[in-house]
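Okay, upload.tsv is below, TSV, C-alpha atoms:
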```
chain	number	residue	atom	x	y	z
A	1	MET	CA	0.00	0.00	0.00
A	2	ARG	CA	1.45	3.38	-1.03
A	3	ASN	CA	1.84	6.10	1.59
A	4	LYS	CA	-0.99	8.62	1.13
A	5	LYS	CA	0.52	11.17	3.53
A	6	GLU	CA	0.81	14.65	2.03
A	7	VAL	CA	4.20	16.32	2.38
A	8	THR	CA	6.08	19.54	1.59
A	9	TYR	CA	9.63	19.89	0.33
A	10	LYS	CA	10.76	20.32	3.95
A	11	ASP	CA	9.63	16.76	4.72
A	12	LEU	CA	11.76	15.24	1.96
A	13	SER	CA	15.38	14.21	2.21
A	14	LYS	CA	17.94	16.01	0.07
A	15	LEU	CA	18.33	12.87	-1.99
A	16	ARG	CA	14.58	12.65	-2.65
A	17	ARG	CA	14.41	16.33	-3.64
A	18	ALA	CA	17.41	15.84	-5.92
A	19	LEU	CA	15.64	12.91	-7.58
A	20	LEU	CA	12.56	15.06	-8.22
A	21	ILE	CA	14.69	17.81	-9.76
A	22	PHE	CA	16.42	15.11	-11.84
A	23	LEU	CA	13.10	13.80	-13.14
A	24	SER	CA	12.00	17.31	-14.06
A	25	GLY	CA	15.34	18.27	-15.60
A	26	ALA	CA	16.99	15.19	-17.10
A	27	GLY	CA	13.55	13.67	-17.68
A	28	SER	CA	12.58	16.66	-19.83
A	29	GLY	CA	15.91	16.48	-21.60
A	30	ILE	CA	15.07	12.91	-22.59
A	31	ILE	CA	11.30	12.89	-23.19
A	32	TYR	CA	11.61	15.64	-25.82
A	33	VAL	CA	14.57	14.11	-27.68
A	34	PRO	CA	12.35	12.18	-30.15
A	35	VAL	CA	10.41	15.39	-30.92
A	36	TYR	CA	13.54	17.50	-31.44
A	37	LEU	CA	15.80	14.82	-32.90
A	38	LYS	CA	16.41	17.07	-35.89
A	39	ASN	CA	18.20	19.60	-33.68
A	40	VAL	CA	21.14	17.20	-33.50
A	41	PHE	CA	20.58	14.67	-36.32
A	42	TYR	CA	19.22	17.05	-38.95
A	43	GLU	CA	20.73	15.55	-42.11
A	44	PRO	CA	20.46	11.87	-41.01
A	45	LEU	CA	16.80	12.37	-40.08
A	46	LEU	CA	16.13	14.17	-43.36
A	47	LEU	CA	17.60	11.27	-45.33
A	48	GLY	CA	16.30	8.50	-43.07
A	49	LEU	CA	12.70	9.71	-43.33
A	50	ASP	CA	13.17	10.66	-47.01
A	51	ILE	CA	11.46	14.06	-46.70
A	52	THR	CA	12.24	17.71	-47.55
A	53	ASN	CA	13.42	20.51	-45.25
A	54	ALA	CA	9.94	22.03	-45.29
A	55	GLN	CA	8.30	18.67	-44.50
A	56	LEU	CA	10.71	18.07	-41.63
A	57	GLY	CA	9.93	21.56	-40.42
A	58	PHE	CA	6.20	20.90	-40.68
A	59	LEU	CA	6.50	17.87	-38.38
A	60	SER	CA	7.89	20.17	-35.71
A	61	GLY	CA	5.32	22.76	-36.72
A	62	MET	CA	2.46	20.29	-36.24
A	63	TYR	CA	3.84	19.51	-32.80
A	64	GLY	CA	4.04	23.24	-32.08
A	65	ILE	CA	0.48	23.91	-33.27
A	66	MET	CA	-0.88	21.14	-31.07
A	67	ALA	CA	1.28	22.32	-28.18
A	68	ALA	CA	-0.06	25.88	-28.49
A	69	ILE	CA	-3.60	24.50	-28.25
A	70	LEU	CA	-2.76	22.27	-25.27
A	71	TYR	CA	-0.66	24.60	-23.10
A	72	ILE	CA	-3.71	26.31	-21.56
A	73	PRO	CA	-5.59	23.12	-20.60
A	74	CYS	CA	-2.33	21.53	-19.43
A	75	GLY	CA	-1.82	24.45	-17.05
A	76	ILE	CA	-5.33	24.05	-15.65
A	77	ILE	CA	-4.92	20.27	-15.39
A	78	ALA	CA	-1.64	20.79	-13.56
A	79	ASP	CA	-3.60	22.34	-10.67
A	80	LYS	CA	-6.16	19.48	-10.63
A	81	ILE	CA	-4.16	16.25	-11.05
A	82	LYS	CA	-1.38	14.74	-8.94
A	83	LEU	CA	2.15	15.40	-10.10
A	84	ARG	CA	2.91	11.67	-9.91
A	85	THR	CA	0.06	10.87	-12.30
A	86	MET	CA	1.11	13.48	-14.85
A	87	ALA	CA	4.81	12.56	-14.81
A	88	ALA	CA	4.39	8.78	-14.98
A	89	GLY	CA	1.52	9.01	-17.46
A	90	GLY	CA	3.45	11.41	-19.69
A	91	PHE	CA	6.59	9.29	-19.82
A	92	ILE	CA	4.84	5.96	-20.40
A	93	SER	CA	2.40	7.21	-23.08
A	94	THR	CA	5.23	9.02	-24.89
A	95	ALA	CA	7.28	5.82	-24.93
A	96	ALA	CA	4.42	4.02	-26.66
A	97	VAL	CA	4.20	6.70	-29.38
A	98	VAL	CA	7.99	6.66	-29.90
A	99	TYR	CA	7.85	2.92	-30.53
A	100	TRP	CA	5.30	3.67	-33.26
A	101	TYR	CA	7.59	6.41	-34.64
A	102	ALA	CA	10.38	3.82	-34.81
A	103	THR	CA	8.47	1.90	-37.51
A	104	LEU	CA	9.16	4.90	-39.81
A	105	PRO	CA	5.65	5.02	-41.31
A	106	SER	CA	4.41	7.24	-44.14
A	107	TYR	CA	4.68	11.02	-43.95
A	108	ALA	CA	0.94	11.37	-43.20
A	109	LEU	CA	1.33	9.04	-40.21
A	110	LEU	CA	4.45	10.90	-39.10
A	111	VAL	CA	2.35	14.08	-38.92
A	112	ALA	CA	-0.19	12.20	-36.77
A	113	ILE	CA	2.59	10.85	-34.54
A	114	PHE	CA	3.94	14.35	-33.87
A	115	ALA	CA	0.42	15.56	-33.08
A	116	ILE	CA	-0.08	12.71	-30.59
A	117	MET	CA	3.33	13.32	-29.02
A	118	ALA	CA	2.11	16.84	-28.27
A	119	VAL	CA	-0.73	15.31	-26.27
A	120	THR	CA	1.56	12.99	-24.28
A	121	THR	CA	4.41	15.45	-23.70
A	122	ILE	CA	2.42	18.69	-23.31
A	123	LEU	CA	-1.12	17.98	-22.10
A	124	ILE	CA	-0.05	15.13	-19.84
A	125	PHE	CA	3.60	15.81	-18.94
A	126	TRP	CA	4.34	19.52	-19.36
A	127	GLY	CA	2.08	20.70	-16.56
A	128	CYS	CA	4.30	19.02	-14.00
A	129	ARG	CA	7.59	20.23	-15.54
A	130	TYR	CA	7.85	23.51	-13.59
A	131	LYS	CA	5.31	22.73	-10.89
A	132	LEU	CA	7.36	19.77	-9.68
A	133	LEU	CA	10.30	22.13	-9.20
A	134	ARG	CA	8.04	24.65	-7.44
A	135	PHE	CA	7.01	22.02	-4.88
A	136	ALA	CA	10.52	20.59	-4.52
A	137	ALA	CA	12.02	23.90	-3.29
A	138	SER	CA	11.20	27.27	-1.74
A	139	GLU	CA	10.16	30.28	-3.83
A	140	GLU	CA	13.47	32.02	-3.06
A	141	ASP	CA	15.45	29.05	-4.38
A	142	TYR	CA	13.32	28.60	-7.50
A	143	PRO	CA	15.58	30.50	-9.99
A	144	ALA	CA	18.63	28.50	-8.85
A	145	VAL	CA	16.66	25.23	-8.89
A	146	VAL	CA	15.46	25.96	-12.42
A	147	GLY	CA	19.09	26.54	-13.40
A	148	VAL	CA	20.12	23.20	-11.93
A	149	SER	CA	17.13	21.59	-13.63
A	150	TYR	CA	18.26	22.86	-17.03
A	151	ALA	CA	21.79	21.68	-16.33
A	152	LEU	CA	20.28	18.24	-15.80
A	153	TYR	CA	18.19	18.81	-18.93
A	154	GLY	CA	21.44	19.32	-20.82
A	155	LEU	CA	23.18	16.40	-19.11
A	156	GLY	CA	20.29	14.05	-19.80
A	157	GLY	CA	19.97	15.21	-23.40
A	158	LEU	CA	23.72	15.05	-24.01
A	159	ALA	CA	24.07	11.58	-22.54
A	160	ILE	CA	21.08	10.14	-24.38
A	161	ASN	CA	22.09	11.77	-27.68
A	162	ALA	CA	25.67	10.54	-27.34
A	163	ALA	CA	24.38	7.01	-26.78
A	164	THR	CA	21.95	7.42	-29.67
A	165	LEU	CA	24.74	8.68	-31.97
A	166	ALA	CA	26.93	5.71	-31.04
A	167	LEU	CA	24.06	3.33	-31.79
A	168	PHE	CA	23.25	5.16	-35.02
A	169	ASN	CA	26.85	4.94	-36.26
A	170	ILE	CA	26.98	1.13	-36.04
A	171	MET	CA	23.82	0.72	-38.11
A	172	PRO	CA	24.16	-0.18	-41.82
A	173	ASP	CA	22.20	2.81	-43.17
A	174	TYR	CA	20.32	5.97	-42.16
A	175	ARG	CA	16.89	4.35	-42.11
A	176	VAL	CA	17.85	1.43	-39.88
A	177	GLY	CA	19.90	3.78	-37.68
A	178	ILE	CA	16.98	6.16	-37.09
A	179	SER	CA	14.62	3.24	-36.31
A	180	ALA	CA	17.02	1.62	-33.82
A	181	SER	CA	17.70	4.99	-32.19
A	182	LEU	CA	13.99	5.61	-31.63
A	183	VAL	CA	13.47	2.16	-30.07
A	184	PHE	CA	16.34	2.91	-27.69
A	185	LEU	CA	14.85	6.32	-26.78
A	186	GLY	CA	11.39	4.84	-26.20
A	187	THR	CA	12.81	2.28	-23.77
A	188	ILE	CA	14.66	4.92	-21.71
A	189	ILE	CA	11.52	7.08	-21.53
A	190	LEU	CA	9.48	4.08	-20.37
A	191	ILE	CA	11.95	3.47	-17.53
A	192	LEU	CA	11.65	7.11	-16.42
A	193	GLY	CA	7.88	6.69	-16.24
A	194	ILE	CA	8.21	3.72	-13.90
A	195	ILE	CA	10.67	5.62	-11.68
A	196	SER	CA	8.34	8.65	-11.53
A	197	PHE	CA	5.44	6.56	-10.29
A	198	PHE	CA	7.40	5.41	-7.26
A	199	ALA	CA	9.53	8.51	-6.59
A	200	ILE	CA	7.05	11.42	-6.64
A	201	PRO	CA	5.14	11.84	-3.34
A	202	ASN	CA	1.75	13.38	-2.62
A	203	PHE	CA	2.42	17.08	-2.05
A	204	LYS	CA	0.32	19.25	0.21
A	205	ASP	CA	-1.95	21.67	-1.70
A	206	GLU	CA	-0.83	20.40	-5.11
A	207	VAL	CA	-4.44	19.86	-6.24
A	208	VAL	CA	-7.83	21.45	-5.59
A	209	LYS	CA	-9.58	19.46	-2.85
A	210	ASP	CA	-13.07	20.98	-3.13
A	211	GLU	CA	-14.96	18.85	-5.68
A	212	SER	CA	-17.33	21.73	-6.42
A	213	LYS	CA	-14.34	23.75	-7.62
A	214	LYS	CA	-12.52	20.93	-9.36
A	215	PHE	CA	-13.05	22.48	-12.80
A	216	ASP	CA	-13.14	26.09	-11.66
A	217	ILE	CA	-11.34	28.37	-14.12
A	218	LYS	CA	-10.84	31.11	-11.53
A	219	PRO	CA	-7.09	30.33	-11.13
A	220	PHE	CA	-6.67	30.76	-14.89
A	221	LEU	CA	-8.63	34.03	-14.91
A	222	GLU	CA	-6.57	35.28	-11.98
A	223	ALA	CA	-3.42	34.39	-13.91
A	224	LEU	CA	-4.73	36.33	-16.92
A	225	ARG	CA	-5.05	39.45	-14.76
A	226	HIS	CA	-1.55	39.25	-13.29
A	227	PRO	CA	0.89	41.59	-15.15
A	228	GLY	CA	3.83	39.35	-14.27
A	229	VAL	CA	2.35	36.52	-16.33
A	230	TRP	CA	2.18	38.73	-19.43
A	231	LEU	CA	5.65	40.19	-18.92
A	232	ALA	CA	7.13	36.70	-18.51
A	233	SER	CA	5.18	35.38	-21.52
A	234	GLY	CA	6.14	38.21	-23.85
A	235	THR	CA	9.81	37.97	-22.92
A	236	LEU	CA	9.82	34.20	-23.33
A	237	PHE	CA	8.20	34.52	-26.80
A	238	PHE	CA	11.24	36.30	-28.22
A	239	VAL	CA	13.77	34.38	-26.15
A	240	MET	CA	12.16	31.25	-27.61
A	241	ILE	CA	12.72	32.46	-31.18
A	242	VAL	CA	16.43	32.85	-30.45
A	243	TYR	CA	16.60	29.56	-28.53
A	244	MET	CA	14.87	27.52	-31.25
A	245	GLY	CA	16.37	29.43	-34.14
A	246	MET	CA	19.89	28.59	-33.03
A	247	ASN	CA	19.15	24.97	-34.05
A	248	TYR	CA	19.53	26.07	-37.66
A	249	THR	CA	23.21	26.65	-37.03
A	250	THR	CA	23.53	22.85	-37.46
A	251	PRO	CA	22.46	22.68	-41.14
A	252	PHE	CA	24.15	26.10	-41.59
A	253	LEU	CA	27.53	24.54	-40.81
A	254	THR	CA	26.79	21.67	-43.20
A	255	ASP	CA	25.39	23.68	-46.13
A	256	VAL	CA	27.49	26.84	-45.98
A	257	PHE	CA	30.82	25.61	-44.56
A	258	GLN	CA	30.62	22.00	-45.85
A	259	ALA	CA	31.40	20.65	-42.37
A	260	PRO	CA	31.40	16.81	-42.00
A	261	THR	CA	28.13	15.26	-40.71
A	262	ASN	CA	29.72	13.66	-37.63
A	263	LEU	CA	31.40	16.95	-36.65
A	264	VAL	CA	28.15	18.84	-37.05
A	265	SER	CA	26.26	16.23	-34.95
A	266	ILE	CA	28.81	16.58	-32.15
A	267	VAL	CA	28.64	20.39	-32.29
A	268	GLY	CA	24.84	20.13	-32.28
A	269	MET	CA	24.86	17.96	-29.16
A	270	LEU	CA	27.27	20.27	-27.35
A	271	ARG	CA	25.34	23.39	-28.39
A	272	TYR	CA	21.88	22.11	-27.51
A	273	TYR	CA	22.57	19.89	-24.52
A	274	GLY	CA	26.21	19.93	-23.38
A	275	ILE	CA	26.50	23.67	-22.90
A	276	ALA	CA	23.24	23.69	-20.95
A	277	ILE	CA	25.07	21.77	-18.21
A	278	ILE	CA	27.19	24.88	-17.63
A	279	ALA	CA	24.94	27.66	-18.88
A	280	ALA	CA	21.74	26.93	-16.97
A	281	PRO	CA	23.15	26.70	-13.41
A	282	LEU	CA	25.66	29.51	-14.00
A	283	ILE	CA	23.13	31.95	-15.42
A	284	GLY	CA	20.55	30.69	-12.91
A	285	SER	CA	22.88	31.59	-10.02
A	286	VAL	CA	23.53	35.00	-11.57
A	287	ALA	CA	19.76	35.53	-11.90
A	288	LYS	CA	19.28	34.69	-8.22
A	289	LYS	CA	21.69	37.48	-7.24
A	290	LEU	CA	20.99	40.01	-9.98
A	291	SER	CA	17.34	39.19	-10.95
A	292	PRO	CA	16.01	37.07	-13.84
A	293	SER	CA	14.91	39.98	-16.05
A	294	LYS	CA	18.21	41.88	-15.70
A	295	THR	CA	20.14	38.71	-16.47
A	296	ILE	CA	18.04	37.92	-19.55
A	297	LEU	CA	18.58	41.50	-20.76
A	298	VAL	CA	22.37	41.10	-20.74
A	299	VAL	CA	22.24	37.60	-22.23
A	300	MET	CA	19.94	38.67	-25.09
A	301	LEU	CA	22.22	41.61	-25.89
A	302	LEU	CA	25.14	39.21	-26.33
A	303	SER	CA	22.94	36.76	-28.26
A	304	GLY	CA	21.99	39.48	-30.73
A	305	ILE	CA	25.68	40.23	-31.31
A	306	CYS	CA	26.30	36.54	-32.07
A	307	CYS	CA	23.39	36.36	-34.53
A	308	PHE	CA	24.50	39.44	-36.45
A	309	SER	CA	28.09	38.13	-36.47
A	310	TYR	CA	27.03	35.30	-38.79
A	311	LEU	CA	25.97	37.92	-41.35
A	312	LEU	CA	29.46	39.48	-41.43
A	313	MET	CA	31.41	36.21	-41.58
A	314	PRO	CA	32.88	35.05	-44.94
A	315	SER	CA	31.47	31.66	-46.03
A	316	THR	CA	34.83	29.96	-46.44
A	317	ALA	CA	36.39	26.88	-44.85
A	318	ALA	CA	38.94	29.12	-43.12
A	319	PHE	CA	36.15	30.56	-40.96
A	320	LEU	CA	34.59	27.19	-40.03
A	321	MET	CA	36.21	27.18	-36.60
A	322	ALA	CA	35.07	30.76	-35.94
A	323	ALA	CA	31.52	29.76	-36.91
A	324	ILE	CA	31.66	26.78	-34.54
A	325	VAL	CA	32.87	28.99	-31.66
A	326	ILE	CA	30.07	31.52	-32.25
A	327	THR	CA	27.59	28.63	-32.45
A	328	LEU	CA	28.71	27.30	-29.07
A	329	VAL	CA	28.66	30.78	-27.49
A	330	LEU	CA	25.16	31.37	-28.83
A	331	GLY	CA	24.16	27.96	-27.46
A	332	PHE	CA	25.46	28.96	-24.03
A	333	LEU	CA	23.56	32.25	-24.04
A	334	ALA	CA	20.30	30.95	-25.51
A	335	ASN	CA	20.22	27.93	-23.20
A	336	GLY	CA	20.81	30.16	-20.20
A	337	ALA	CA	18.11	32.69	-21.13
A	338	TYR	CA	15.60	29.95	-21.93
A	339	GLY	CA	16.43	28.17	-18.67
A	340	ILE	CA	15.58	31.13	-16.44
A	341	ALA	CA	12.79	32.75	-18.50
A	342	SER	CA	10.05	31.17	-16.37
A	343	SER	CA	11.67	32.72	-13.28
A	344	VAL	CA	10.13	36.05	-14.26
A	345	LEU	CA	6.92	34.55	-12.83
A	346	THR	CA	8.46	34.33	-9.36
A	347	GLU	CA	10.32	37.63	-9.81
A	348	THR	CA	6.96	39.34	-10.33
A	349	HIS	CA	5.47	37.34	-7.41
A	350	VAL	CA	2.88	35.19	-9.17
A	351	PRO	CA	1.13	33.27	-6.31
A	352	SER	CA	1.75	29.54	-5.96
A	353	HIS	CA	-1.97	28.65	-6.03
A	354	ILE	CA	-2.23	29.85	-9.67
A	355	PHE	CA	1.28	28.80	-10.69
A	356	GLY	CA	0.04	25.88	-12.80
A	357	ALA	CA	-2.40	28.12	-14.70
A	358	ALA	CA	0.26	30.84	-15.02
A	359	SER	CA	2.74	28.28	-16.39
A	360	GLY	CA	0.12	27.20	-18.94
A	361	LEU	CA	-0.44	30.76	-20.11
A	362	LEU	CA	3.31	31.39	-20.14
A	363	SER	CA	3.75	28.30	-22.31
A	364	VAL	CA	0.98	28.99	-24.82
A	365	ILE	CA	2.34	32.48	-25.53
A	366	GLY	CA	6.03	31.91	-24.93
A	367	PHE	CA	6.24	28.71	-26.98
A	368	LEU	CA	3.98	29.94	-29.81
A	369	PRO	CA	6.99	30.35	-32.16
A	370	GLU	CA	7.29	26.58	-32.16
A	371	SER	CA	4.03	26.37	-34.14
A	372	PHE	CA	5.35	28.30	-37.16
A	373	MET	CA	9.13	28.76	-36.99
A	374	HIS	CA	10.24	25.35	-38.24
A	375	GLN	CA	8.23	25.23	-41.44
A	376	VAL	CA	8.94	28.90	-42.19
A	377	PHE	CA	12.69	28.56	-41.61
A	378	GLY	CA	12.79	25.23	-43.46
A	379	GLY	CA	10.95	26.91	-46.34
A	380	PHE	CA	13.57	29.69	-46.42
A	381	ILE	CA	16.31	27.07	-46.83
A	382	ASP	CA	14.40	25.11	-49.52
A	383	GLN	CA	13.58	28.26	-51.49
A	384	TYR	CA	16.65	30.46	-51.04
A	385	GLN	CA	19.32	27.83	-50.20
A	386	ASN	CA	22.22	29.46	-48.32
A	387	PHE	CA	20.67	32.95	-48.43
A	388	GLY	CA	17.86	31.49	-46.33
A	389	TYR	CA	20.26	31.42	-43.37
A	390	THR	CA	20.85	35.16	-43.75
A	391	ILE	CA	17.11	35.77	-43.36
A	392	ILE	CA	17.02	33.44	-40.33
A	393	PHE	CA	19.87	35.17	-38.50
A	394	VAL	CA	18.36	38.62	-39.11
A	395	ILE	CA	15.11	37.41	-37.52
A	396	LEU	CA	17.01	35.97	-34.54
A	397	GLY	CA	18.97	39.18	-33.99
A	398	VAL	CA	15.86	41.37	-34.09
A	399	SER	CA	14.06	38.99	-31.69
A	400	ALA	CA	16.92	39.31	-29.20
A	401	VAL	CA	16.55	43.10	-29.30
A	402	ILE	CA	12.78	42.88	-28.67
A	403	ALA	CA	13.38	40.52	-25.73
A	404	ILE	CA	15.58	43.23	-24.20
A	405	PHE	CA	12.62	45.64	-24.27
A	406	GLY	CA	10.53	42.99	-22.47
A	407	CYS	CA	13.11	42.87	-19.68
A	408	VAL	CA	13.12	46.66	-19.40
A	409	ALA	CA	9.31	46.63	-19.11
A	410	THR	CA	9.58	44.08	-16.28
A	411	GLN	CA	11.97	46.33	-14.38
A	412	VAL	CA	9.63	49.29	-14.82
A	413	TYR	CA	6.74	47.21	-13.44
A	414	LEU	CA	8.76	46.06	-10.42
A	415	LYS	CA	9.86	49.63	-9.71
A	416	LYS	CA	6.23	50.77	-9.67
A	417	GLN	CA	5.31	47.88	-7.36
A	418	ARG	CA	8.03	48.84	-4.92
```

Output the file's structure as C-alpha cells, nothing else.
Amino acid sequence: MRNKKEVTYKDLSKLRRALLIFLSGAGSGIIYVPVYLKNVFYEPLLLGLDITNAQLGFLSGMYGIMAAILYIPCGIIADKIKLRTMAAGGFISTAAVVYWYATLPSYALLVAIFAIMAVTTILIFWGCRYKLLRFAASEEDYPAVVGVSYALYGLGGLAINAATLALFNIMPDYRVGISASLVFLGTIILILGIISFFAIPNFKDEVVKDESKKFDIKPFLEALRHPGVWLASGTLFFVMIVYMGMNYTTPFLTDVFQAPTNLVSIVGMLRYYGIAIIAAPLIGSVAKKLSPSKTILVVMLLSGICCFSYLLMPSTAAFLMAAIVITLVLGFLANGAYGIASSVLTETHVPSHIFGAASGLLSVIGFLPESFMHQVFGGFIDQYQNFGYTIIFVILGVSAVIAIFGCVATQVYLKKQR
C-alpha cells in the first residue's frame, strides 16, 4: 500500500528532492529528444525519413500547433491532477508513441505521430515540468533550482544523444539507424515513467480538494489578470525564437561551410545539450543574485551580437572554426536565457496557487513560435538555399533586441510595485 501522507519539500530528504529535480530536468531532456531529434541529427533524419526541409519543419510545426492548443488546458490540469500521475503518465504514453515512430511510417502518419506526441508530452507531462520544481524547493530558491534543472536537462539530453549517436553509427544505413535509435529512446523514456510513479510523493496543496471547484477556471482568470504573467510570456516569446532558431546553425555549418556530418552532430549535441550543463546553473545563479529579467537583458544583448556576427562572416572553410565557436557561445547564451525565463513569474510574485495556470499561459504564448518557426525557416532554406540562413539570422537578432525591451518593461513594473 502506497503512503498517502501529504508532504512539503521540507519533509523530503535532500536525496529525494534531488531525484525530483532530476526527473523534471533530465527527464525533460530525454522525453523531448524524439520530438527534437532534428536539432542534433538534422541531415540523417532528413535522409532516413526521405522528406524535404519544409516537410521536416512541418512535423515540428504540427507539434508546435498542437502544443499551443494544449498549453492552456495543461496548465489548468496541472492544478487538478497529482504530479505523480502526470509525470508517470506522460513518460509511459510518450514511450508508446515513440515505438510507433520507430516503424518509420508514411509522412501522413508521421504528422499524426507528432500531433499525438504533443498530447503525451504537453497535455499530460508539461504541466508538472515547472510545478514539480516549485514544490521541490522554496520560492526564493526557484531560480537557482530551475538553473540546476536545465543543467540536468542538458546532461540528460547530451548523454542520451551521445548514446543514440553511437548506436546510429553502427547501423548499416540511415533508415535502420533512425529506427534503432527511436526504439532505444522509447525504452529509456518508459523506464523514467516507472521511476516517476514510485519517486514522486503526494504534495500538500498540489491539487484542488473541493470537488465543487474541481473544474473552476478562476485560477486561470486570476493568472490572466496578473501583469507578471504577461511580462514573462512576452519575454519568453522572443527568447524562444532565439533559442529555437539557433538549431539552424547545425544545417548552416553543413550547407554553408561543408562541415562533415559527424562533426556537425557533435557540435549540435554540445550546443543544444552539453553547454546547458554549464549555462543553466551559472546563469541561474547570476539571476538569483541580480534578478532574472536583468540577467536575460544582458544575455539577449550578447545573443543578438552573435546572430548578427554570422551575417558578417565570410562563407569559407577558413572561418569554419570561428563559426563553430560563435555557435557554441550562442548555445550557451540561448540555453541560459531559456532556462531562467520562467523565473520572471516568481520575480513578479505570481502566487503559488495559480502557478500551474500561469505556467500554462506562459507556455501557450512563450512557446507559440514553435508552431510556425520550423516550417517557415525550413521553407527559407528550400527556397533560397544558403541565403535562407541570412534571413534566419536577421530574424534571430531582431528577436533578441525585442526581448531586451521585455526585460526593461519588467523592471519598470517592479519599480512601480516597490

Which residues are near Phe319 in chain A? Cut-off 12 Å, only C-alpha atoms, ignore same chain within fewer than 5 positions. Put them as a PDB file with C-alpha atoms, in the frame of the given file.
```pdb
ATOM      1  CA  LEU A 253      27.530  24.540 -40.810  1.00  0.00           C
ATOM      2  CA  VAL A 256      27.490  26.840 -45.980  1.00  0.00           C
ATOM      3  CA  PHE A 257      30.820  25.610 -44.560  1.00  0.00           C
ATOM      4  CA  GLN A 258      30.620  22.000 -45.850  1.00  0.00           C
ATOM      5  CA  ALA A 259      31.400  20.650 -42.370  1.00  0.00           C
ATOM      6  CA  SER A 309      28.090  38.130 -36.470  1.00  0.00           C
ATOM      7  CA  TYR A 310      27.030  35.300 -38.790  1.00  0.00           C
ATOM      8  CA  LEU A 312      29.460  39.480 -41.430  1.00  0.00           C
ATOM      9  CA  MET A 313      31.410  36.210 -41.580  1.00  0.00           C
ATOM     10  CA  PRO A 314      32.880  35.050 -44.940  1.00  0.00           C
ATOM     11  CA  ILE A 324      31.660  26.780 -34.540  1.00  0.00           C
ATOM     12  CA  VAL A 325      32.870  28.990 -31.660  1.00  0.00           C
ATOM     13  CA  ILE A 326      30.070  31.520 -32.250  1.00  0.00           C
TER      14      ILE A 326
END
```

Next item on the list: Would you list the residues near (13.4, 38.8, -13.3), meaning any protein, DNA or RNA residue with an atom at most 9 Å from that point in file coordinates, counting only C-alpha atoms, as number ranges by chain?
Entry: A: 232, 287-288, 290-296, 340-348, 407, 410-411

Quick one: everything within 8 Å of Met246 in chain A, counting all atoms listed in the file, minus sequence neighbours fewer than 6 positions away in the same chain. Send it as an mmCIF file with C-alpha atoms, in the frame of the given file.
```
data_model
loop_
_atom_site.group_PDB
_atom_site.id
_atom_site.type_symbol
_atom_site.label_atom_id
_atom_site.label_comp_id
_atom_site.auth_asym_id
_atom_site.auth_seq_id
_atom_site.Cartn_x
_atom_site.Cartn_y
_atom_site.Cartn_z
ATOM 1 C CA THR A 327 27.590 28.630 -32.450
ATOM 2 C CA LEU A 330 25.160 31.370 -28.830
ATOM 3 C CA GLY A 331 24.160 27.960 -27.460
ATOM 4 C CA ALA A 334 20.300 30.950 -25.510
#
```

Next item on the list: Can you work out which one of A:Phe332, A:Gln375, A:Phe355, A:Lys80 has the shortest atom-to-atom distance to Glu222 in chain A, counting only C-alpha atoms?
Entry: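 Ranked by minimum distance to Glu222 in chain A, first place goes to A:Phe355.
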
Note to self: I need the residue nearest Val412 in chain A from this list: A:Phe22, A:Leu236, A:Val376, A:Pro227. Use only C-alpha atoms for the distance.
What the structure shows: A:Pro227

Next item on the list: Provide the CA of Ile69 in chain A to CA of Ile354 in chain A distance in Å, to one decimal place.
Entry: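 Result for CA of Ile69 in chain A versus CA of Ile354 in chain A: 19.4 Å, one decimal.
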
Item checked: Given only C-alpha atoms as the counted atoms, nearest of A:Ala18, A:Ile283, A:Leu311, A:Leu361 to Ala337 in chain A ->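 Result for the nearest residue to Ala337 in chain A: A:Ile283.
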
Tell me, as a PDB file with C-alpha atoms, in the coordinates of the input, which residues lie within 8 Å of Val35 in chain A, counting all atoms listed in the file; anything in the same chain fewer than 3 positions away does not count.
```pdb
ATOM      1  CA  TYR A  32      11.610  15.640 -25.820  1.00  0.00           C
ATOM      2  CA  LYS A  38      16.410  17.070 -35.890  1.00  0.00           C
ATOM      3  CA  SER A  60       7.890  20.170 -35.710  1.00  0.00           C
ATOM      4  CA  TYR A  63       3.840  19.510 -32.800  1.00  0.00           C
ATOM      5  CA  PHE A 114       3.940  14.350 -33.870  1.00  0.00           C
ATOM      6  CA  MET A 117       3.330  13.320 -29.020  1.00  0.00           C
TER       7      MET A 117
END
```

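For the choices A:Ser371, A:Thr120, A:Thr85, A:Thr249, the atom-to-atom distance to Val98 in chain A is smallest for A:Thr120 when using all atoms listed in the file.
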
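With CA of Ser233 in chain A on one side and CA of Phe367 in chain A on the other, the separation reads 8.7 Å.
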
Next item on the list: Would you mind listing what lies within 9 Å of Val364 in chain A as a list in words, with all atoms listed in the file counted and same-chain residues fewer than 5 positions away left out?
Entry: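 The filter keeps Ala67, Ala68, Ile69, Leu70, Tyr71, Ile72, Ser233 and Ser359 of chain A.
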
Margin query: Please determine, counting only C-alpha atoms, which residue among A:Val229, A:Val394, A:Ile200, A:Ala322 has the shortest atom-to-atom distance to Phe135 in chain A.
Written below: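 Checking each candidate against Phe135 in chain A, we get A:Ile200 as the closest.
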
Notebook entry, point to check: Which polymer residues have any atom within 10 Å of an atom of range 178-194 of chain A, counting all atoms listed in the file, with same-chain residues fewer than 6 positions away left out, as a PyMOL selection string?
Noted result: chain A and resi 23+26-28+30-34+37+41+44-45+47-49+84-104+160-161+163-169+171

Margin query: Between A:Ser363, A:Asn386, A:Ser399, A:Thr261, which residue has the minimum interatomic distance to Leu123 in chain A, considering all atoms listed in the file?
Written below: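 For Leu123 in chain A, the nearest of the candidates is A:Ser363.
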
Margin query: Please list, as a PyMOL selection string, the residues that have an atom at most 12 Å away from (30.2, 21.0, -23.8) in the coordinates of this file, counting only C-alpha atoms.
Written below: chain A and resi 151+154-155+157-159+162+266-279+325+327-329+331-332

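CA of Ala400 in chain A is positioned 8.3 Å from CA of Ile241 in chain A.
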